[in-house]
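Next up, entry24.cif (mmCIF, C-alpha atoms):
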```cif
data_input
loop_
_atom_site.label_atom_id
_atom_site.label_comp_id
_atom_site.auth_asym_id
_atom_site.auth_seq_id
_atom_site.Cartn_x
_atom_site.Cartn_y
_atom_site.Cartn_z
CA MET A 29 29.77 7.46 107.58
CA ARG A 30 27.50 10.43 107.01
CA LEU A 31 26.80 11.23 103.38
CA LYS A 32 27.61 14.89 103.97
CA ARG A 33 31.21 13.86 104.75
CA PHE A 34 31.10 11.41 101.84
CA PHE A 35 29.78 14.14 99.55
CA THR A 36 32.45 16.62 100.61
CA GLY A 37 35.29 14.13 100.61
CA HIS A 38 34.56 12.75 97.17
CA MET A 39 33.93 16.00 95.36
CA ARG A 40 36.81 16.88 93.08
CA ARG A 41 37.76 19.75 90.83
CA VAL A 42 36.79 18.97 87.26
CA SER A 43 36.53 20.86 84.00
CA ILE A 44 33.02 22.26 83.99
CA ALA A 45 31.20 20.86 80.98
CA PHE A 46 28.92 23.86 80.87
CA CYS A 47 29.11 27.28 82.45
CA ALA A 48 27.30 28.34 85.59
CA ALA A 49 25.00 30.55 83.58
CA SER A 50 23.62 27.62 81.61
CA LEU A 51 23.01 25.69 84.84
CA LEU A 52 21.08 28.57 86.34
CA SER A 53 19.14 29.25 83.16
CA ALA A 54 17.99 25.62 83.32
CA ASN A 55 15.55 26.75 85.97
CA SER A 56 13.26 28.10 83.26
CA VAL A 57 9.98 26.31 82.70
CA GLN A 58 10.95 25.35 79.15
CA ALA A 59 14.14 23.55 80.11
CA GLN A 60 13.80 20.04 81.50
CA THR A 61 17.34 18.66 81.56
CA VAL A 62 20.88 19.86 81.03
CA ASP A 63 23.25 17.16 79.78
CA TRP A 64 26.41 16.86 81.84
CA LYS A 65 28.36 13.84 80.62
CA THR A 66 27.98 10.30 79.26
CA VAL A 67 30.34 7.83 80.94
CA GLY A 68 30.48 4.03 80.89
CA GLY A 69 26.99 3.64 79.46
CA TRP A 70 25.43 6.09 81.94
CA ASP A 71 23.96 9.48 81.03
CA VAL A 72 24.49 12.08 83.75
CA SER A 73 22.23 15.14 83.60
CA PHE A 74 20.86 17.99 85.67
CA TYR A 75 17.06 17.74 86.08
CA THR A 76 15.35 21.07 86.57
CA ASN A 77 12.22 19.65 88.21
CA SER A 78 14.30 18.17 91.03
CA GLN A 79 17.15 20.71 91.05
CA GLY A 80 19.45 17.70 91.12
CA CYS A 81 21.88 15.67 89.04
CA GLN A 82 21.20 12.01 88.30
CA ALA A 83 22.75 9.11 86.41
CA PHE A 84 20.47 7.24 84.00
CA ALA A 85 20.83 3.81 82.41
CA LEU A 86 18.48 1.88 80.14
CA PHE A 87 18.73 -1.85 80.76
CA GLU A 88 17.47 -4.82 78.78
CA LYS A 89 13.71 -5.09 78.26
CA ASN A 90 13.55 -1.29 78.49
CA THR A 91 13.90 -1.02 82.25
CA ALA A 92 15.06 2.51 83.12
CA PHE A 93 17.07 3.30 86.25
CA PHE A 94 17.88 6.69 87.78
CA ILE A 95 20.07 7.42 90.78
CA GLY A 96 21.19 10.83 92.00
CA PHE A 97 20.06 13.82 93.99
CA ASP A 98 16.88 15.77 94.56
CA ASN A 99 17.27 19.27 96.00
CA ASN A 100 13.70 20.51 96.12
CA ASP A 101 13.01 22.85 99.05
CA ASP A 102 16.81 23.10 99.50
CA GLN A 103 16.88 19.69 101.16
CA LEU A 104 19.24 17.24 99.49
CA THR A 105 17.98 13.65 99.21
CA LEU A 106 19.16 10.55 97.40
CA ASP A 107 16.63 9.81 94.66
CA VAL A 108 16.38 6.23 93.32
CA THR A 109 13.87 5.34 90.57
CA LEU A 110 13.21 2.15 88.60
CA LEU A 111 10.74 2.32 85.68
CA ASP A 112 9.36 -0.40 83.39
CA GLU A 113 6.49 -0.08 80.93
CA ARG A 114 5.39 -3.66 81.68
CA TRP A 115 4.52 -2.89 85.31
CA VAL A 116 1.07 -1.56 84.47
CA SER A 117 -0.45 -2.75 87.77
CA ILE A 118 1.63 -0.31 89.81
CA GLU A 119 -0.56 2.30 91.49
CA HIS A 120 0.64 5.87 91.89
CA ASP A 121 1.53 6.71 95.52
CA LYS A 122 0.92 3.14 96.72
CA GLU A 123 3.77 1.76 98.85
CA TYR A 124 5.60 -1.37 97.70
CA SER A 125 8.12 -3.36 99.72
CA VAL A 126 10.96 -4.15 97.30
CA GLU A 127 14.27 -5.91 97.84
CA VAL A 128 17.51 -4.90 96.11
CA LYS A 129 20.82 -6.70 96.41
CA PHE A 130 24.18 -5.35 95.24
CA GLY A 131 26.60 -8.13 94.29
CA ASN A 132 27.20 -10.41 97.30
CA GLU A 133 26.18 -7.76 99.84
CA GLY A 134 23.23 -8.30 102.13
CA PRO A 135 19.83 -7.37 100.64
CA TRP A 136 18.13 -4.03 101.17
CA THR A 137 14.40 -3.86 101.88
CA LEU A 138 13.06 -0.58 100.50
CA GLU A 139 9.58 0.83 101.02
CA MET A 140 9.12 2.44 97.60
CA ASP A 141 6.31 4.58 96.21
CA GLY A 142 4.52 3.70 93.01
CA VAL A 143 5.01 6.41 90.37
CA VAL A 144 4.09 7.11 86.78
CA MET A 145 6.63 9.26 84.92
CA ASP A 146 6.00 10.30 81.33
CA GLY A 147 3.54 7.43 81.07
CA TYR A 148 5.98 4.83 82.47
CA PRO A 149 5.06 3.10 85.74
CA GLY A 150 7.73 2.39 88.30
CA LEU A 151 9.06 2.72 91.82
CA ASN A 152 10.73 5.59 93.63
CA ILE A 153 12.36 6.20 97.00
CA MET A 154 13.94 9.28 98.56
CA ILE A 155 16.61 8.72 101.21
CA ASP A 156 17.82 11.50 103.49
CA VAL A 157 21.45 12.20 102.58
CA GLU A 158 22.27 12.79 106.25
CA THR A 159 21.76 9.11 107.04
CA ASP A 160 24.29 6.29 107.08
CA GLU A 161 21.80 4.38 104.92
CA ALA A 162 22.27 6.75 101.99
CA ALA A 163 26.07 6.63 102.20
CA LEU A 164 26.12 2.83 102.32
CA PHE A 165 23.62 2.54 99.46
CA ILE A 166 25.85 4.71 97.25
CA ASP A 167 28.97 2.84 98.34
CA GLU A 168 27.51 -0.55 97.37
CA PHE A 169 26.09 0.84 94.14
CA GLN A 170 29.53 2.12 93.11
CA ARG A 171 31.53 -0.85 94.38
CA GLU A 172 29.53 -3.82 93.06
CA THR A 173 29.14 -4.92 89.43
CA VAL A 174 25.53 -6.13 89.44
CA MET A 175 22.26 -5.46 91.25
CA ARG A 176 19.13 -7.59 91.53
CA TRP A 177 15.65 -6.31 92.30
CA ASP A 178 12.87 -8.52 93.72
CA TYR A 179 9.25 -7.95 94.64
CA GLY A 180 7.96 -10.79 96.79
CA LYS A 181 8.90 -14.01 95.01
CA THR A 182 9.24 -12.27 91.64
CA THR A 183 12.60 -11.13 90.33
CA LEU A 184 12.10 -7.77 88.65
CA GLY A 185 15.51 -7.86 87.02
CA ARG A 186 19.24 -8.39 87.34
CA TYR A 187 21.15 -5.39 86.00
CA THR A 188 24.79 -4.59 85.34
CA LEU A 189 26.51 -1.86 87.31
CA ARG A 190 29.42 -1.57 84.94
CA GLY A 191 30.60 2.03 85.04
CA SER A 192 28.60 2.87 88.16
CA ARG A 193 31.60 4.20 90.10
CA VAL A 194 32.60 6.81 87.54
CA ALA A 195 28.93 7.58 86.82
CA PHE A 196 28.15 8.54 90.41
CA ASP A 197 31.42 10.46 90.69
CA GLU A 198 30.08 12.56 87.80
CA VAL A 199 26.71 12.94 89.55
CA ILE A 200 28.58 14.44 92.51
CA ALA A 201 30.67 16.70 90.26
CA CYS A 202 27.52 17.86 88.45
CA GLN A 203 25.69 18.61 91.70
CA LYS A 204 28.70 20.46 93.04
CA SER A 205 28.79 22.60 89.90
CA TYR A 206 25.14 23.51 90.39
CA PHE A 207 25.70 24.51 94.02
CA GLU A 208 28.74 26.58 93.00
CA ALA A 209 26.64 28.29 90.34
CA LEU A 210 24.01 29.19 92.92
CA ALA A 211 26.64 30.43 95.35
CA SER A 212 28.16 32.71 92.69
CA GLN A 213 24.94 34.65 92.31
CA THR A 214 25.29 38.11 93.80
CA ASP A 215 22.73 40.30 95.52
CA PRO A 216 21.88 43.04 93.01
CA PHE A 217 20.65 45.25 95.86
CA ALA A 218 23.84 45.03 97.93
CA THR A 219 25.40 48.17 96.39
CA SER A 220 24.37 50.82 93.92
CA ASP A 221 26.45 52.21 91.06
CA THR A 222 27.77 54.84 93.45
CA GLY A 223 28.81 52.24 95.99
CA THR A 224 26.06 53.22 98.41
CA SER A 225 24.07 50.43 99.97
CA THR A 226 20.55 50.10 98.57
CA VAL A 227 19.36 47.37 100.87
CA PRO A 228 16.26 49.12 102.27
CA PHE A 229 16.57 47.79 105.79
CA SER A 230 20.34 47.88 106.20
CA ASP A 231 21.87 50.14 108.84
#
```

Let me see whether you can do it: turn the structure in this file into structure tokens.
Amino acid sequence: MRLKRFFTGHMRRVSIAFCAASLLSANSVQAQTVDWKTVGGWDVSFYTNSQGCQAFALFEKNTAFFIGFDNNDDQLTLDVTLLDERWVSIEHDKEYSVEVKFGNEGPWTLEMDGVVMDGYPGLNIMIDVETDEAALFIDEFQRETVMRWDYGKTTLGRYTLRGSRVAFDEVIACQKSYFEALASQTDPFATSDTGTSTVPFSD
């Protein structure tokens, strides 16, 4: 199942937690995040640097996990990030082969990039939302109650997914709200006060 169909089919009408204007104003350099909603232990926010909405959870031993969307260059991708201050040996931009397993599902092998975000080392992967892989990854994330991450023979952690279904539903609702806010912007040059077109190259 293509994620585009998944994205469209699962989007629902919700009460907008903040108006379109505040979403669009979040594009300013000063703004970093716009809080959307906290549900089931997950914080869902709009991140201006990625033009996307993500769910965030802080697990035991201060392991941080983000999952959501990146819309830089108007290309929507699934963004998955795992950070831990103890992983000081991770090198930025180096590729690491990591395994993640959701519940009793078969394991995923992910080729993830080393990152350092706000001083915290970790791992990141971007998955094209047009692929079946992205849709299945989200499905397992929402459906299962636990995930385990391994690097080689080392278990990085076993983390609860309690609340993950409603959390990602809110990620989708947040992203939809952002797209609707963008779509509502009008072309100030389409008509003048007199109703005459002011688009310089229009017929």

Item to complete: Apply the PyMOL selection byres ((chain A and resi 130) around 8) to the structure shown and report the selected residues as a list in words.
Response: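 After applying the PyMOL selection byres ((chain A and resi 130) around 8), what remains is Val128, Lys129, Gly131, Asn132, Glu133, Gly134, Pro135, Glu168, Phe169, Glu172, Thr173, Val174, Met175 and Arg176 of chain A.
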
Worksheet item: How many Å separate atom CA of Val157 of chain A from atom CA of Phe207 of chain A?
Response: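 Distance reported for this atom pair: 15.6 Å.
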
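Taking atom CA of Leu138 of chain A as the reference point, atom CA of Val67 of chain A is found at 27.4 Å.
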
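Using the PyMOL selection byres ((chain A and resi 87) around 12) on this structure selects Gly69, Trp70, Phe84, Ala85, Leu86, Glu88, Lys89, Asn90, Thr91, Ala92, Phe93, Phe94, Leu110, Leu111, Asp112, Val174, Met175, Leu184, Gly185, Arg186, Tyr187, Thr188, Leu189 and Arg190 of chain A.
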
Worksheet entry | Atom-to-atom span, atom CA of Thr109 of chain A and atom CA of Tyr75 of chain A, Å | 13.6 Å

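Remark: for Val62 of chain A, the closest of the candidate residues A:Asp107, A:Tyr206, A:Glu158, A:His120 is A:Tyr206 (distances computed over all atoms listed in the file).
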